[in-house]
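S.K.: So here's my_file10.csv, just CSV, C-alpha atoms:
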chain,number,residue,atom,x,y,z
I,8,MET,CA,-17.6,1.8,17.7
I,9,LYS,CA,-21.1,2.8,16.6
I,10,GLN,CA,-21.6,5.8,14.4
I,11,LEU,CA,-21.5,9.0,16.4
I,12,THR,CA,-23.9,11.9,16.0
I,13,LYS,CA,-22.6,15.3,15.0
I,14,ARG,CA,-22.9,16.5,18.6
I,15,GLN,CA,-21.1,13.4,20.0
I,16,ASN,CA,-18.2,14.1,17.6
I,17,GLN,CA,-18.2,17.7,18.8
I,18,ILE,CA,-18.1,16.7,22.4
I,19,ILE,CA,-15.2,14.3,21.7
I,20,GLN,CA,-13.2,16.9,19.8
I,21,GLU,CA,-13.7,19.5,22.5
I,22,SER,CA,-12.7,16.9,25.1
I,23,ILE,CA,-9.5,16.3,23.2
I,24,LYS,CA,-8.8,20.0,23.2
I,25,LEU,CA,-9.5,20.3,26.9
I,26,ILE,CA,-7.1,17.4,27.7
I,27,ALA,CA,-4.4,19.0,25.5
I,28,GLU,CA,-4.8,22.4,27.1
I,29,LYS,CA,-5.6,21.5,30.7
I,30,GLY,CA,-4.6,17.8,31.2
I,31,ILE,CA,-7.1,15.1,32.2
I,32,GLN,CA,-8.1,17.1,35.3
I,33,GLY,CA,-9.4,19.8,33.0
I,34,LEU,CA,-11.8,17.3,31.4
I,35,THR,CA,-15.0,18.0,33.3
I,36,ILE,CA,-18.6,18.0,32.2
I,37,LYS,CA,-18.7,21.7,33.2
I,38,ASN,CA,-15.7,22.6,31.0
I,39,ILE,CA,-17.0,20.6,28.1
I,40,SER,CA,-20.4,22.2,28.3
I,41,LYS,CA,-18.8,25.7,28.5
I,42,ALA,CA,-16.5,24.9,25.5
I,43,ILE,CA,-19.5,23.8,23.4
I,44,GLY,CA,-21.9,26.4,24.7
I,45,VAL,CA,-24.6,24.1,26.1
I,46,SER,CA,-25.8,23.2,29.5
I,47,GLU,CA,-24.2,20.4,31.5
I,48,PRO,CA,-27.4,18.2,31.4
I,49,ALA,CA,-27.3,18.6,27.6
I,50,ILE,CA,-23.9,16.7,27.6
I,51,TYR,CA,-25.6,13.8,29.4
I,52,ARG,CA,-28.1,13.4,26.6
I,53,HIS,CA,-25.2,12.4,24.4
I,54,PHE,CA,-23.0,10.5,26.8
I,55,GLU,CA,-23.9,8.8,30.1
I,56,SER,CA,-20.7,9.9,31.8
I,57,LYS,CA,-17.3,11.4,31.5
I,58,LYS,CA,-16.0,7.8,31.3
I,59,GLU,CA,-18.1,7.2,28.2
I,60,ILE,CA,-16.6,10.4,26.6
I,61,ILE,CA,-13.1,9.1,27.3
I,62,LYS,CA,-14.1,5.7,25.8
I,63,GLY,CA,-15.2,7.7,22.7
I,64,ILE,CA,-11.8,9.4,22.6
I,65,ILE,CA,-10.1,6.0,22.8
I,66,ALA,CA,-12.3,4.6,20.0
I,67,LEU,CA,-11.2,7.5,17.9
I,68,LEU,CA,-7.6,6.7,18.6
I,69,GLN,CA,-8.2,3.1,17.5
I,70,GLU,CA,-9.4,4.1,14.1
I,71,PRO,CA,-6.8,3.5,11.4
I,72,ALA,CA,-4.6,6.4,10.4
I,73,GLY,CA,-5.0,6.7,6.7
I,74,ASN,CA,-4.4,3.3,5.1
I,75,ASP,CA,-4.1,0.9,8.1
I,76,LYS,CA,-2.2,-1.5,6.0
I,77,PRO,CA,1.1,0.4,5.5
I,78,THR,CA,1.4,-1.1,2.0
I,79,ALA,CA,0.5,1.7,-0.4
I,80,PRO,CA,1.0,0.6,-4.0
I,81,ASP,CA,4.4,2.3,-4.1
I,82,ALA,CA,5.5,0.7,-0.9
I,83,VAL,CA,7.5,-2.2,-2.3
I,84,ASN,CA,10.1,-2.6,0.3
I,85,GLY,CA,10.3,-2.5,4.1
I,86,PHE,CA,11.4,1.1,4.5
I,87,ALA,CA,8.8,2.4,2.0
I,88,LYS,CA,6.2,0.7,4.2
I,89,VAL,CA,7.6,2.4,7.3
I,90,ARG,CA,7.5,5.7,5.5
I,91,THR,CA,3.9,5.2,4.5
I,92,LEU,CA,2.8,4.3,8.0
I,93,VAL,CA,4.6,7.3,9.6
I,94,GLU,CA,3.3,9.7,7.0
I,95,ASN,CA,-0.2,8.5,7.6
I,96,HIS,CA,0.1,9.1,11.3
I,97,THR,CA,1.7,12.5,10.6
I,98,ALA,CA,-1.3,13.5,8.4
I,99,ARG,CA,-3.7,12.5,11.2
I,100,PHE,CA,-1.8,14.6,13.8
I,101,ILE,CA,-1.7,17.6,11.4
I,102,LYS,CA,-5.4,17.3,10.9
I,103,ASN,CA,-6.1,17.1,14.6
I,104,PRO,CA,-3.1,18.5,16.6
I,105,PRO,CA,-4.6,18.2,20.1
I,106,ILE,CA,-4.8,14.4,19.7
I,107,THR,CA,-1.0,14.3,20.2
I,108,ALA,CA,-1.5,15.2,23.8
I,109,ILE,CA,-3.4,12.0,24.3
I,110,VAL,CA,-1.6,9.6,22.0
I,111,PHE,CA,1.8,10.4,23.6
I,112,SER,CA,0.6,10.7,27.2
I,113,GLU,CA,-0.5,7.2,28.0
I,114,ASP,CA,-0.1,7.9,31.7
I,115,ILE,CA,-3.0,10.4,31.5
I,116,PHE,CA,-5.4,7.5,32.0
I,117,ASN,CA,-3.6,5.7,34.8
I,118,ASN,CA,-6.5,6.0,37.2
I,119,GLU,CA,-8.8,4.3,34.7
I,120,SER,CA,-7.4,0.8,34.3
I,121,SER,CA,-9.6,-0.3,31.4
I,122,ILE,CA,-8.8,2.8,29.4
I,123,SER,CA,-5.1,2.7,30.4
I,124,GLN,CA,-5.0,-0.9,29.2
I,125,THR,CA,-6.6,0.1,25.9
I,126,VAL,CA,-4.0,2.8,25.2
I,127,LYS,CA,-1.2,0.3,26.1
I,128,SER,CA,-2.7,-2.2,23.7
I,129,LEU,CA,-2.9,0.4,21.0
I,130,MET,CA,0.8,1.2,21.5
I,131,GLN,CA,1.7,-2.4,21.5
I,132,ARG,CA,-0.2,-3.1,18.2
I,133,ASN,CA,1.6,-0.1,16.5
I,134,GLN,CA,5.0,-1.4,17.6
I,135,GLU,CA,4.1,-4.9,16.4
I,136,LYS,CA,3.2,-3.4,13.0
I,137,ILE,CA,6.6,-1.7,12.7
I,138,ILE,CA,8.4,-4.8,13.9
I,139,GLN,CA,6.8,-6.9,11.2
I,140,ILE,CA,7.6,-4.3,8.6
I,141,VAL,CA,11.2,-4.3,9.7
I,142,ILE,CA,11.3,-8.1,9.7
I,143,ASP,CA,9.9,-8.1,6.2
I,144,GLY,CA,12.4,-5.5,5.1
I,145,GLN,CA,15.2,-7.5,6.5
I,146,ALA,CA,14.0,-10.5,4.6
I,147,ASP,CA,13.8,-8.6,1.3
I,148,GLY,CA,17.2,-6.9,1.9
I,149,SER,CA,15.9,-3.3,2.1
I,150,ILE,CA,16.6,-3.0,5.9
I,151,ARG,CA,19.8,-4.0,7.6
I,152,ASN,CA,19.7,-7.3,9.4
I,153,ASP,CA,22.7,-6.9,11.8
I,154,LEU,CA,20.4,-5.2,14.4
I,155,GLY,CA,17.2,-6.7,15.9
I,156,ALA,CA,13.8,-5.8,14.5
I,157,GLU,CA,12.6,-4.7,17.9
I,158,GLN,CA,15.5,-2.3,18.4
I,159,LEU,CA,15.1,-0.8,15.0
I,160,SER,CA,11.3,-0.4,15.6
I,161,LEU,CA,12.1,1.5,18.9
I,162,THR,CA,14.5,3.8,17.0
I,163,ILE,CA,11.8,4.6,14.5
I,164,ILE,CA,8.9,5.0,17.0
I,165,GLY,CA,11.0,6.8,19.5
I,166,SER,CA,12.4,9.3,17.0
I,167,PHE,CA,8.9,10.0,15.6
I,168,ARG,CA,7.4,10.2,19.1
I,169,PHE,CA,10.0,12.7,20.2
I,170,LEU,CA,9.5,14.9,17.1
I,171,VAL,CA,5.7,14.9,17.4
I,172,ASN,CA,5.9,15.6,21.2
I,173,LYS,CA,8.3,18.5,20.5
I,174,TRP,CA,5.7,19.8,17.9
I,175,HIS,CA,3.0,19.6,20.5
I,176,LEU,CA,5.0,21.2,23.3
I,177,ASN,CA,5.9,24.1,20.9
I,178,ASN,CA,2.3,24.8,20.2
I,179,TYR,CA,2.5,23.3,16.7
I,180,ASP,CA,4.8,26.2,15.5
I,181,PHE,CA,6.9,24.3,13.0
I,182,ASN,CA,6.0,22.3,9.9
I,183,LEU,CA,5.6,18.8,11.1
I,184,LYS,CA,5.3,17.3,7.7
I,185,ASN,CA,8.7,18.7,6.6
I,186,GLU,CA,10.4,17.7,9.8
I,187,VAL,CA,9.0,14.1,9.6
I,188,TYR,CA,10.2,14.0,6.0
I,189,SER,CA,13.7,14.9,7.1
I,190,LEU,CA,13.6,12.5,10.0
I,191,LEU,CA,12.5,9.6,7.7
I,192,ASN,CA,15.3,10.4,5.3
I,193,SER,CA,17.8,10.2,8.2
I,194,ILE,CA,16.4,7.0,9.5
I,195,GLU,CA,16.4,5.5,6.1
I,196,ILE,CA,20.2,6.2,5.8
I,197,MET,CA,20.7,4.6,9.2
I,198,ILE,CA,18.8,1.4,8.6
I,199,LYS,CA,19.6,0.7,5.0
I,200,PRO,CA,22.0,-2.2,4.5
Take the structure in the file and write it out as structure tokens.

M.R.:
Amino acid sequence: MKQLTKRQNQIIQESIKLIAEKGIQGLTIKNISKAIGVSEPAIYRHFESKKEIIKGIIALLQEPAGNDKPTAPDAVNGFAKVRTLVENHTARFIKNPPITAIVFSEDIFNNESSISQTVKSLMQRNQEKIIQIVIDGQADGSIRNDLGAEQLSLTIIGSFRFLVNKWHLNNYDFNLKNEVYSLLNSIEIMIKP
């Protein structure tokens, strides 16, 4: 995605907040302009349409969360890589909480097939990353190999997704970083050989 202007970034961030608060139906040019404090025509100077704003949101979601390669220097085995990847996503959500309403509500864009497909592809890529990490961990002996890599990846993703969704639904009123830390410790116990 091309470099966004300061105003375009502001429009995208306000749009994310509107979706988080009011759902996709609340994402209107009128609501965006009101949230930013500019006229509706001013929005169109930065984006041609609401669909272009949504594409900007999707592009933001496609940006790597922290280190896209979940292999921080201390991540020497499979589970350490899982931990790094999940912690990177957690930091991203803490930095921008409303984004969780979009990341975990892929059905929001069902009426926009190209956007819906992009969100599905993003989810698929994230699952494939975790599956590969699990396969590597099974190969190096740091992750149990009596269960399939796909099932273990679903356990990791599903648990994390549930916790982040709970945080979102509870208006971000608990310490997500601490809860993710506890969750990762529990998952590590379950998937170690």

S.K.: So how far away is CA of Ser128 in chain I from CA of Leu92 in chain I, in Å?

M.R.: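 We find that CA of Leu92 in chain I and CA of Ser128 in chain I lie 17.9 Å from each other.
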
S.K.: What does the distance from CA of Tyr179 in chain I to CA of Gln20 in chain I come to in Å, to one decimal?

M.R.: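 So the answer is 17.2 Å.
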
S.K.: Of the residues I:Asn192, I:Leu129, I:Ala27, I:Gly165, which is the one nearest to Ala66 in chain I, using all atoms listed in the file?

M.R.: I:Leu129

S.K.: Quick one: distance from CA of Arg168 in chain I to CA of Lys24 in chain I in Å, one decimal?

M.R.: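 One can read the CA of Arg168 in chain I to CA of Lys24 in chain I distance as 19.4 Å.
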
S.K.: Using only C-alpha atoms, list the residues that have an atom at most 9 Å from (-22.4, 14.5, 22.2), coordinates as in the file, as a list in words.

M.R.: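 Nearby residues: Leu11, Thr12, Lys13, Arg14, Gln15, Asn16, Gln17, Ile18, Ile19, Ala49, Ile50, Tyr51, Arg52, His53, Phe54 and Ile60 of chain I.
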
S.K.: Pick the closest to Glu186 in chain I from I:Ser160, I:Thr35, I:Thr97, I:Gln139: which is it, counting only C-alpha atoms?

M.R.: I:Thr97

S.K.: Restricting the calculation to only C-alpha atoms, which member of I:Val110, I:Ala146, I:Ile23, I:Leu154 is positioned closest to His96 in chain I?

M.R.: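 Comparing I:Val110, I:Ala146, I:Ile23, I:Leu154 against His96 in chain I, the winner is I:Val110.
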
S.K.: Within 12 Å of (19.0, -9.7, 7.8) (file coordinates; only C-alpha atoms), which protein or nucleic acid residues are there? I'd like them as a list in words.

M.R.: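 Those residues, ordered by chain and then number, are Gly85, Val141, Ile142, Asp143, Gly144, Gln145, Ala146, Asp147, Gly148, Ser149, Ile150, Arg151, Asn152, Asp153, Leu154, Gly155, Ala156, Ile198, Lys199 and Pro200 of chain I.
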
S.K.: Smallest atom-to-atom distance to Ile164 in chain I: which of I:Gln134, I:Ser40, I:Ser46, I:Gln10, using only C-alpha atoms?

M.R.: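 Checking each of I:Gln134, I:Ser40, I:Ser46, I:Gln10 against Ile164 in chain I, counting only C-alpha atoms, the winner is I:Gln134.
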
S.K.: Counting all atoms listed in the file, which of I:Val93, I:Leu68, I:Phe100, I:Ser193 gets nearest to Met130 in chain I?

M.R.: I:Leu68

S.K.: Name the closest residue to Ile106 in chain I among the candidates I:Val89, I:Leu170, I:Ile64, I:Val187; distances are taken between atoms, counting all atoms listed in the file.

M.R.: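 Closest candidate: I:Ile64.
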
S.K.: So that I can see what lies close to Phe169 in chain I, please list as a ChimeraX atom specification the residues with an atom at most 12 Å from it, counting all atoms listed in the file and leaving out residues fewer than 6 positions away in the same chain.

M.R.: /I:107,111-112,161-163,175-176,183,186-187,190
